[in-house]
Amino acid sequence: MALVPVTELLLKAEAGGYAVGAFNANNTEIVQAIAMAALQERSPVIMQASQGAISYAGLEYITGMVKLAADEYDVPIALHLDHGTDFDQVVKCIRSGFSSVMYDGSKHSLEENIAMTNKVLDIARPVGVSVEAELGKIGGTEDNVHVDAKDALYTDPEEARYFVEKTGVESLAVAIGTAHGQYKGEPKLDLQRLAKIKSLVNIPIVLHGSSGVPDDTIRSAIAGGVCKVNIDTNIREAFVWKMREVIAAKPDEIDPRKILGPARDAAVEVIRQKIRVFGSAGKA
Ligand code: G3H
Ligand code: 13P
Ligand code: ZN
């Protein structure tokens, strides 16, 4: 099956009341784990590569591996650039065959973010590549968000309405209390803000920093309009914890396949569990 644009998956998810998992693909074993989990759960999936993943694995390797998985497995798979901040990188990904890109202009002013997102839309639309934008600041868990700073960092619903009107972007990542990486305490999501955004913006909403968010909170966010849920950290944890376990149990093991194979199996399990929580199992 050819790679599908993310928007196609998200519009179906929105109509069906579920979300599609966007899993970060950092190496061969993780690409395989995402594909295997998708097949076992009969679920559509988004494989996404950050700029860091691209510089680690190589753009053509990432595209090649994900295209191979899409050809081999009979489930819808999208290949998406995660947090693209560089226009040239966006162009390279589209040329390489990505079916979707994120332009993350969240560090810029509202008007600059709109202008850059439109520049990306101008090149992506004619070739059928879908575009996700970000509004508000989704921090790392190290960035402590104080209650009085919420309004400055979280997505402003009126700004979201204005942003979508001025760009016509196809999906929007919002800041409502999640953060990238491992949480120190339990994350508290501003679901009222999500409801307000959704009432003003008629496009699929994307939740970043979703690792470590309790399953019920994820389900509430999906009921509130989230159609794409990004997961990286929980896969990293499952993968590396299993590698550590194997190495601790067999310190003399020197065959990487005997360490990476179990790590891949652990990643499959965590991705399958997420797919079930997101409600996309059986939708492919
Ligand atoms: O949103 C961030 C993703 O987890 C990617 O992280 O830039 O370390 O690849 P990375
Ligand atoms: P986590 O690593 O917190 O799951 O966030 C992933 C993400 O948002 C990728 O864009
Ligand atoms: Zn993210």
# chains A, B, ... in the order shown; residues from 1 in each chain; ligands from 1
$ residues_near_ligand --ligand "ligand 3" --cutoff "12 Å" --atoms "only C-alpha atoms and all ligand atoms" --output "PyMOL selection string"
chain A and resi 22-24+48-51+80-85+102-104+106+132-135+137-141+172-175+178-181+206-211+228-233
$ residues_around --residues "Leu260 (chain A)" --least-positions-apart "2" --cutoff "9 Å" --atoms "only C-alpha atoms" --output "list of chain:residue names"
A:Glu29, A:Phe239, A:Lys242, A:Met243, A:Asp255, A:Pro256, A:Arg257, A:Lys258, A:Pro262, A:Ala263, A:Arg264, A:Asp265
$ select_by_dssp --residues "region 110-277 of chain A" --states "strand (DSSP E or B)" --output "PyMOL selection string"
chain A and resi 130-135+140+171-174+180+205-207+226-231
$ atom_distance --atom1 "CA of Lys274 (chain A)" --atom2 "CA of Gly224 (chain A)"
17.8 Å
$ select_by_dssp --residues "region 135-259 of chain A" --states "alpha helix (DSSP H)" --output "count of residues only"
55
$ atom_distance --atom1 "CA of Ile54 (chain A)" --atom2 "CA of Ala38 (chain A)"
22.2 Å
$ closest_residue --among "A:Gln192, A:Asn234, A:Ser280, A:Gln32" --to "ligand 1" --atoms "only C-alpha atoms and all ligand atoms"
A:Asn234
$ residues_around --residues "Glu72 (chain A)" --least-positions-apart "4" --cutoff "9 Å" --atoms "only C-alpha atoms" --output "PyMOL selection string"
chain A and resi 1+67-68
$ atom_distance --atom1 "CA of Val45 (chain A)" --atom2 "CA of Gly21 (chain A)"
5.7 Å
$ closest_residue --among "A:Ser55, A:Gln40, A:Ser109, A:Thr7" --to "Ser130 (chain A)" --atoms "only C-alpha atoms"
A:Thr7
$ closest_residue --among "A:Ile46, A:Ala13, A:Ile203, A:Ile123" --to "Arg161 (chain A)" --atoms "only C-alpha atoms"
A:Ile203
$ decode --residues "region 11-89 of chain A" --atoms "C-alpha atoms" --output "PDB file, in the first residue's frame"
ATOM      1  CA  LEU A  11     -10.653  12.835   9.046  1.00  0.00           C
ATOM      2  CA  LYS A  12     -11.704   9.175   9.225  1.00  0.00           C
ATOM      3  CA  ALA A  13     -10.702   9.047  12.885  1.00  0.00           C
ATOM      4  CA  GLU A  14     -12.668  12.216  13.658  1.00  0.00           C
ATOM      5  CA  ALA A  15     -15.777  10.775  12.005  1.00  0.00           C
ATOM      6  CA  GLY A  16     -15.292   7.484  13.858  1.00  0.00           C
ATOM      7  CA  GLY A  17     -14.600   8.995  17.298  1.00  0.00           C
ATOM      8  CA  TYR A  18     -11.087   7.570  17.703  1.00  0.00           C
ATOM      9  CA  ALA A  19      -7.495   8.809  17.283  1.00  0.00           C
ATOM     10  CA  VAL A  20      -4.545   7.579  15.252  1.00  0.00           C
ATOM     11  CA  GLY A  21      -1.242   7.022  17.035  1.00  0.00           C
ATOM     12  CA  ALA A  22       1.781   8.886  15.704  1.00  0.00           C
ATOM     13  CA  PHE A  23       4.815   6.928  16.820  1.00  0.00           C
ATOM     14  CA  ASN A  24       8.376   8.246  16.512  1.00  0.00           C
ATOM     15  CA  ALA A  25      10.494   6.077  14.243  1.00  0.00           C
ATOM     16  CA  ASN A  26      14.133   6.380  15.254  1.00  0.00           C
ATOM     17  CA  ASN A  27      15.736   3.169  13.977  1.00  0.00           C
ATOM     18  CA  THR A  28      15.005  -0.018  12.033  1.00  0.00           C
ATOM     19  CA  GLU A  29      13.707  -1.985  15.013  1.00  0.00           C
ATOM     20  CA  ILE A  30      11.241   0.753  15.963  1.00  0.00           C
ATOM     21  CA  VAL A  31       9.956   1.092  12.376  1.00  0.00           C
ATOM     22  CA  GLN A  32       9.408  -2.677  12.400  1.00  0.00           C
ATOM     23  CA  ALA A  33       7.768  -2.559  15.827  1.00  0.00           C
ATOM     24  CA  ILE A  34       5.275   0.124  14.728  1.00  0.00           C
ATOM     25  CA  ALA A  35       4.440  -1.817  11.560  1.00  0.00           C
ATOM     26  CA  MET A  36       4.036  -5.124  13.436  1.00  0.00           C
ATOM     27  CA  ALA A  37       1.812  -3.524  16.091  1.00  0.00           C
ATOM     28  CA  ALA A  38      -0.334  -1.895  13.384  1.00  0.00           C
ATOM     29  CA  LEU A  39      -0.737  -5.219  11.604  1.00  0.00           C
ATOM     30  CA  GLN A  40      -1.518  -7.167  14.774  1.00  0.00           C
ATOM     31  CA  GLU A  41      -4.133  -4.600  15.845  1.00  0.00           C
ATOM     32  CA  ARG A  42      -5.418  -3.965  12.282  1.00  0.00           C
ATOM     33  CA  SER A  43      -4.897  -0.246  12.876  1.00  0.00           C
ATOM     34  CA  PRO A  44      -3.822   2.709  10.743  1.00  0.00           C
ATOM     35  CA  VAL A  45      -0.596   4.271  12.048  1.00  0.00           C
ATOM     36  CA  ILE A  46       1.541   7.336  11.540  1.00  0.00           C
ATOM     37  CA  MET A  47       5.299   6.836  11.587  1.00  0.00           C
ATOM     38  CA  GLN A  48       6.971  10.137  12.306  1.00  0.00           C
ATOM     39  CA  ALA A  49      10.581  11.229  12.177  1.00  0.00           C
ATOM     40  CA  SER A  50      11.952  14.277  13.962  1.00  0.00           C
ATOM     41  CA  GLN A  51      14.856  16.287  12.559  1.00  0.00           C
ATOM     42  CA  GLY A  52      16.977  14.496  15.178  1.00  0.00           C
ATOM     43  CA  ALA A  53      15.838  11.086  13.930  1.00  0.00           C
ATOM     44  CA  ILE A  54      16.601  12.118  10.357  1.00  0.00           C
ATOM     45  CA  SER A  55      20.118  13.239  11.202  1.00  0.00           C
ATOM     46  CA  TYR A  56      20.668  10.033  13.209  1.00  0.00           C
ATOM     47  CA  ALA A  57      19.304   7.462  10.739  1.00  0.00           C
ATOM     48  CA  GLY A  58      19.524   9.379   7.436  1.00  0.00           C
ATOM     49  CA  LEU A  59      16.565  10.724   5.471  1.00  0.00           C
ATOM     50  CA  GLU A  60      16.654   8.113   2.705  1.00  0.00           C
ATOM     51  CA  TYR A  61      16.963   5.258   5.210  1.00  0.00           C
ATOM     52  CA  ILE A  62      13.894   6.502   7.118  1.00  0.00           C
ATOM     53  CA  THR A  63      11.856   6.956   3.936  1.00  0.00           C
ATOM     54  CA  GLY A  64      13.054   3.636   2.517  1.00  0.00           C
ATOM     55  CA  MET A  65      12.245   1.665   5.678  1.00  0.00           C
ATOM     56  CA  VAL A  66       8.792   3.176   6.138  1.00  0.00           C
ATOM     57  CA  LYS A  67       7.894   2.736   2.449  1.00  0.00           C
ATOM     58  CA  LEU A  68       8.988  -0.879   2.677  1.00  0.00           C
ATOM     59  CA  ALA A  69       6.792  -1.414   5.745  1.00  0.00           C
ATOM     60  CA  ALA A  70       3.836   0.211   3.962  1.00  0.00           C
ATOM     61  CA  ASP A  71       4.360  -2.033   0.906  1.00  0.00           C
ATOM     62  CA  GLU A  72       4.729  -5.153   3.008  1.00  0.00           C
ATOM     63  CA  TYR A  73       1.823  -4.651   5.416  1.00  0.00           C
ATOM     64  CA  ASP A  74      -1.750  -4.273   4.362  1.00  0.00           C
ATOM     65  CA  VAL A  75      -2.633  -1.429   6.796  1.00  0.00           C
ATOM     66  CA  PRO A  76      -2.637   2.349   6.130  1.00  0.00           C
ATOM     67  CA  ILE A  77       0.712   3.911   7.063  1.00  0.00           C
ATOM     68  CA  ALA A  78       1.634   7.606   6.856  1.00  0.00           C
ATOM     69  CA  LEU A  79       5.165   9.029   6.995  1.00  0.00           C
ATOM     70  CA  HIS A  80       5.256  12.379   8.754  1.00  0.00           C
ATOM     71  CA  LEU A  81       7.949  14.933   9.606  1.00  0.00           C
ATOM     72  CA  ASP A  82       7.694  15.670  13.347  1.00  0.00           C
ATOM     73  CA  HIS A  83       8.479  19.220  14.554  1.00  0.00           C
ATOM     74  CA  GLY A  84       9.948  20.492  11.292  1.00  0.00           C
ATOM     75  CA  THR A  85      11.389  23.896  12.105  1.00  0.00           C
ATOM     76  CA  ASP A  86      13.480  24.349   8.982  1.00  0.00           C
ATOM     77  CA  PHE A  87      11.880  25.060   5.596  1.00  0.00           C
ATOM     78  CA  ASP A  88      14.707  23.308   3.684  1.00  0.00           C
ATOM     79  CA  GLN A  89      14.178  20.188   5.795  1.00  0.00           C
TER      80      GLN A  89
END
